[in-house]
Amino acid sequence: MKTLLLTESDIDKAAEIIKNGGLVAIPTETVYGLAADALNGEAVAKIFKAKGRPMDNPLIVHISDVAQAERLVSDFPQKARTLAENFWPGPLTMVLPKSELIPDEVSAGLSTVAIRFPSHPIARALISASSPLAAPSANLSGSPSPTTANHVYDDMNGRIDAIINGGECDVGVESTVITLAEETPTLLRPGGITLEQLREKIGEVKTHPAVLKPLEDGMNAASPGMKYKHYSPKAEVILLKGTQKEFLSYVRSHDGERTAVLCYDEEKSFFAENGITLGGMTDYASHAHRLFTSLREADRRGFKRIYAHCPSAEGIELAVYNRILRAAAFRIIEL
Ligand code: AMP
Ligand code: MG
């Protein structure tokens, strides 16, 4: 299959592909998504094939107005309305009981559906010109999510109908996922909308234990995506937990030719070419913005091992921590 490379002026062409049951990779404010018509089960099935995604891992449905969401769910409780008013459009996904419009392929047989209203103008324009879009991240299953059209091309060329180039994604990590289909709202995946922001608007929000721990045998995979290996570059990732001084001295004494270091701007001068910076030490949004692109860069440059700081669990750092822990297969060295 030839993959067309489109721009924001090709929305009509992309909408045609979607209406005909095809796959289009689209920019969003979080990461690039691989989109199909969410109401067409056959089209949605192609997403799983193109990504090599397990069929029991459900997809997020992207909408371009709240009225659309109301038709796709069977209950839209007050707390969901409050979150929608405050954080939509934006990087927040809500899991709610689904309506009969949602094909089984989207919800992977669950009775709930995940819904998000993205803020990116290209994503919104395409949804408005076609239909609600089922869209997971546009990477091969397991590898780091794509934050540029080039990343998508590297993984998906020849496997999908088109890619719309919309430049770099702003947030850089996938959306926050919260379920409102249970008695107490529960955070299933941290992202650009923080746990603190959610609690400020709706009160108690639990954190699913798998956010910062491997899913244990017998633990309920509230979100099937929790079960799978995720975000891994080819290089081995190792997290180092300690002070900056301990970090720098450990890395110096374990510096190998093919070892990269995910560091901060303030530390860059300690390393030669192998320092890949996530931005200023306290510029947390930048850490999220650059995480996946830095992991991909390390692979592209042939590094075999990546040392990284162990992030804190606060604000958007929780999202960075959740992703990099999985990239590191939960390996942390306490310094
Ligand atoms: P991705 O689209 O690759 O960013 O992954 C979507 C995430 O949302 C996965 O971790 C899914 O498990 C989760 N998700 C999607 N639908 C549901 C649902 N109905 N219930 C719980 N989690 C869901
Ligand atoms: Mg994904």
# chains A, B, ... in the order shown; residues from 1 in each chain; ligands from 1
call {"tool": "closest_atom_pairs", "arguments": {"of": "chain A", "to": "ligand 2", "cutoff": "8 Å", "atoms": "only C-alpha atoms and all ligand atoms", "output": "Markdown table"}}
result
| residue | atom | partner | partner_atom_place_in_ligand_line | distance |
| --- | --- | --- | --- | --- |
| A:Pro136 | CA | ligand 2 | 1 (Mg) | 5.4 |
| A:Ser137 | CA | ligand 2 | 1 (Mg) | 4.3 |
| A:Ala138 | CA | ligand 2 | 1 (Mg) | 7.3 |
| A:Asn139 | CA | ligand 2 | 1 (Mg) | 7.0 |
| A:Ser141 | CA | ligand 2 | 1 (Mg) | 6.9 |
| A:Gly142 | CA | ligand 2 | 1 (Mg) | 7.6 |
| A:Ser145 | CA | ligand 2 | 1 (Mg) | 6.2 |
| A:Glu174 | CA | ligand 2 | 1 (Mg) | 7.4 |
| A:His230 | CA | ligand 2 | 1 (Mg) | 7.7 |
| A:Tyr231 | CA | ligand 2 | 1 (Mg) | 7.9 |
call {"tool": "residues_near_ligand", "arguments": {"ligand": "ligand 1", "cutoff": "7 Å", "atoms": "only C-alpha atoms and all ligand atoms", "output": "PyMOL selection string"}}
result
chain A and resi 57-60+95+107+110+112-114+135-137+174+177+179+222-226
call {"tool": "atom_distance", "arguments": {"atom1": "CA of Leu239 in chain A", "atom2": "CA of Leu318 in chain A"}}
result
14.4 Å
call {"tool": "residues_around", "arguments": {"residues": "Leu5 in chain A", "least_positions_apart": "5", "cutoff": "12 Å", "atoms": "only C-alpha atoms", "output": "NGL selection string"}}
result
:A and (10-11 or 13-14 or 24-26 or 149-150 or 152-153 or 156-158 or 160-166)
call {"tool": "atom_distance", "arguments": {"atom1": "CA of Arg252 in chain A", "atom2": "CA of Asn274 in chain A"}}
result
11.5 Å
call {"tool": "residues_around", "arguments": {"residues": "Ser99 in chain A", "least_positions_apart": "2", "cutoff": "9 Å", "atoms": "only C-alpha atoms", "output": "PyMOL selection string"}}
result
chain A and resi 70-75+97+101-102+111-113
call {"tool": "write_last_selection", "arguments": {"atoms": "C-alpha atoms", "output": "PDB file, in the first residue's frame"}}
result
ATOM      1  CA  GLU A  70     -23.657  12.139  24.418  1.00  0.00           C
ATOM      2  CA  ARG A  71     -24.725   9.837  21.570  1.00  0.00           C
ATOM      3  CA  LEU A  72     -21.795   7.473  22.092  1.00  0.00           C
ATOM      4  CA  VAL A  73     -22.370   6.841  25.817  1.00  0.00           C
ATOM      5  CA  SER A  74     -25.398   5.483  27.682  1.00  0.00           C
ATOM      6  CA  ASP A  75     -24.752   7.612  30.778  1.00  0.00           C
ATOM      7  CA  PRO A  97     -20.752   3.197  29.733  1.00  0.00           C
ATOM      8  CA  LEU A 101     -23.478   2.845  18.396  1.00  0.00           C
ATOM      9  CA  ILE A 102     -20.004   1.700  19.505  1.00  0.00           C
ATOM     10  CA  SER A 111     -19.366  -2.422  28.180  1.00  0.00           C
ATOM     11  CA  THR A 112     -17.569   0.944  28.368  1.00  0.00           C
ATOM     12  CA  VAL A 113     -16.002   3.309  25.851  1.00  0.00           C
TER      13      VAL A 113
END
call {"tool": "select_by_dssp", "arguments": {"residues": "range 75-175 of chain A", "states": "strand (DSSP E or B)", "output": "PyMOL selection string"}}
result
chain A and resi 92-98+112-116+133-134+137+162-164
call {"tool": "closest_residue", "arguments": {"among": "A:Glu196, A:Ala181, A:Arg305, A:Thr30", "to": "Arg116 in chain A", "atoms": "only C-alpha atoms"}}
result
A:Thr30
call {"tool": "closest_residue", "arguments": {"among": "A:Met281, A:Val61, A:Leu240, A:Ala15", "to": "Ser128 in chain A", "atoms": "only C-alpha atoms"}}
result
A:Ala15
call {"tool": "closest_residue", "arguments": {"among": "A:Val173, A:Ala260, A:Ala235, A:Ala298", "to": "Glu317 in chain A", "atoms": "only C-alpha atoms"}}
result
A:Val173
call {"tool": "closest_atom_pairs", "arguments": {"of": "range 239-292 of chain A", "to": "range 319-323 of chain A", "cutoff": "10 Å", "atoms": "only C-alpha atoms", "output": "JSON lines"}}
result
{"residue": "A:Leu239", "atom": "CA", "partner": "A:Tyr321", "partner_atom": "CA", "distance": 9.8}
{"residue": "A:Tyr284", "atom": "CA", "partner": "A:Val320", "partner_atom": "CA", "distance": 8.8}
{"residue": "A:Ala285", "atom": "CA", "partner": "A:Val320", "partner_atom": "CA", "distance": 9.4}
{"residue": "A:His287", "atom": "CA", "partner": "A:Val320", "partner_atom": "CA", "distance": 7.1}
{"residue": "A:Ala288", "atom": "CA", "partner": "A:Val320", "partner_atom": "CA", "distance": 5.7}
{"residue": "A:His289", "atom": "CA", "partner": "A:Val320", "partner_atom": "CA", "distance": 9.3}
{"residue": "A:Arg290", "atom": "CA", "partner": "A:Val320", "partner_atom": "CA", "distance": 9.9}
{"residue": "A:Leu291", "atom": "CA", "partner": "A:Val320", "partner_atom": "CA", "distance": 7.4}
{"residue": "A:Phe292", "atom": "CA", "partner": "A:Arg323", "partner_atom": "CA", "distance": 9.0}
call {"tool": "residues_around", "arguments": {"residues": "Glu266 in chain A", "least_positions_apart": "4", "cutoff": "9 Å", "atoms": "only C-alpha atoms", "output": "JSON, numbers by chain"}}
result
{"A": [270, 277, 279, 280, 281]}
call {"tool": "write_last_selection", "arguments": {"atoms": "N, CA and C atoms", "output": "PDB file, in the first residue's frame"}}
result
ATOM      1  N   PHE A 270      28.225  18.091  31.198  1.00  0.00           N
ATOM      2  CA  PHE A 270      28.946  16.965  31.807  1.00  0.00           C
ATOM      3  C   PHE A 270      29.137  15.822  30.822  1.00  0.00           C
ATOM      4  N   THR A 277      19.125  15.927  26.072  1.00  0.00           N
ATOM      5  CA  THR A 277      18.441  16.663  27.138  1.00  0.00           C
ATOM      6  C   THR A 277      16.917  16.674  26.982  1.00  0.00           C
ATOM      7  N   GLY A 279      15.283  19.052  28.520  1.00  0.00           N
ATOM      8  CA  GLY A 279      14.942  20.448  28.811  1.00  0.00           C
ATOM      9  C   GLY A 279      15.456  20.841  30.184  1.00  0.00           C
ATOM     10  N   GLY A 280      15.059  22.017  30.637  1.00  0.00           N
ATOM     11  CA  GLY A 280      15.513  22.504  31.946  1.00  0.00           C
ATOM     12  C   GLY A 280      15.049  21.573  33.055  1.00  0.00           C
ATOM     13  N   MET A 281      15.838  21.531  34.144  1.00  0.00           N
ATOM     14  CA  MET A 281      15.565  20.574  35.227  1.00  0.00           C
ATOM     15  C   MET A 281      14.142  20.684  35.781  1.00  0.00           C
TER      16      MET A 281
END
call {"tool": "atom_distance", "arguments": {"atom1": "CA of Ile332 in chain A", "atom2": "CA of Leu295 in chain A"}}
result
17.0 Å
call {"tool": "residues_around", "arguments": {"residues": "Leu133 in chain A", "least_positions_apart": "5", "cutoff": "12 Å", "atoms": "only C-alpha atoms", "output": "PyMOL selection string"}}
result
chain A and resi 15+18-19+21-26+33-41+43-44+47+59-64+68-69+72+102+106+114-118+123-128
call {"tool": "select_by_dssp", "arguments": {"residues": "range 179-314 of chain A", "states": "alpha helix (DSSP H)", "output": "ChimeraX atom specification"}}
result
/A:195-202,244-253,284-300
call {"tool": "residues_around", "arguments": {"residues": "Thr176 in chain A", "least_positions_apart": "6", "cutoff": "6 Å", "atoms": "only C-alpha atoms", "output": "list in words"}}
result
Leu92, Thr93, Arg189, Pro190, Gly191 and Ile193 of chain A
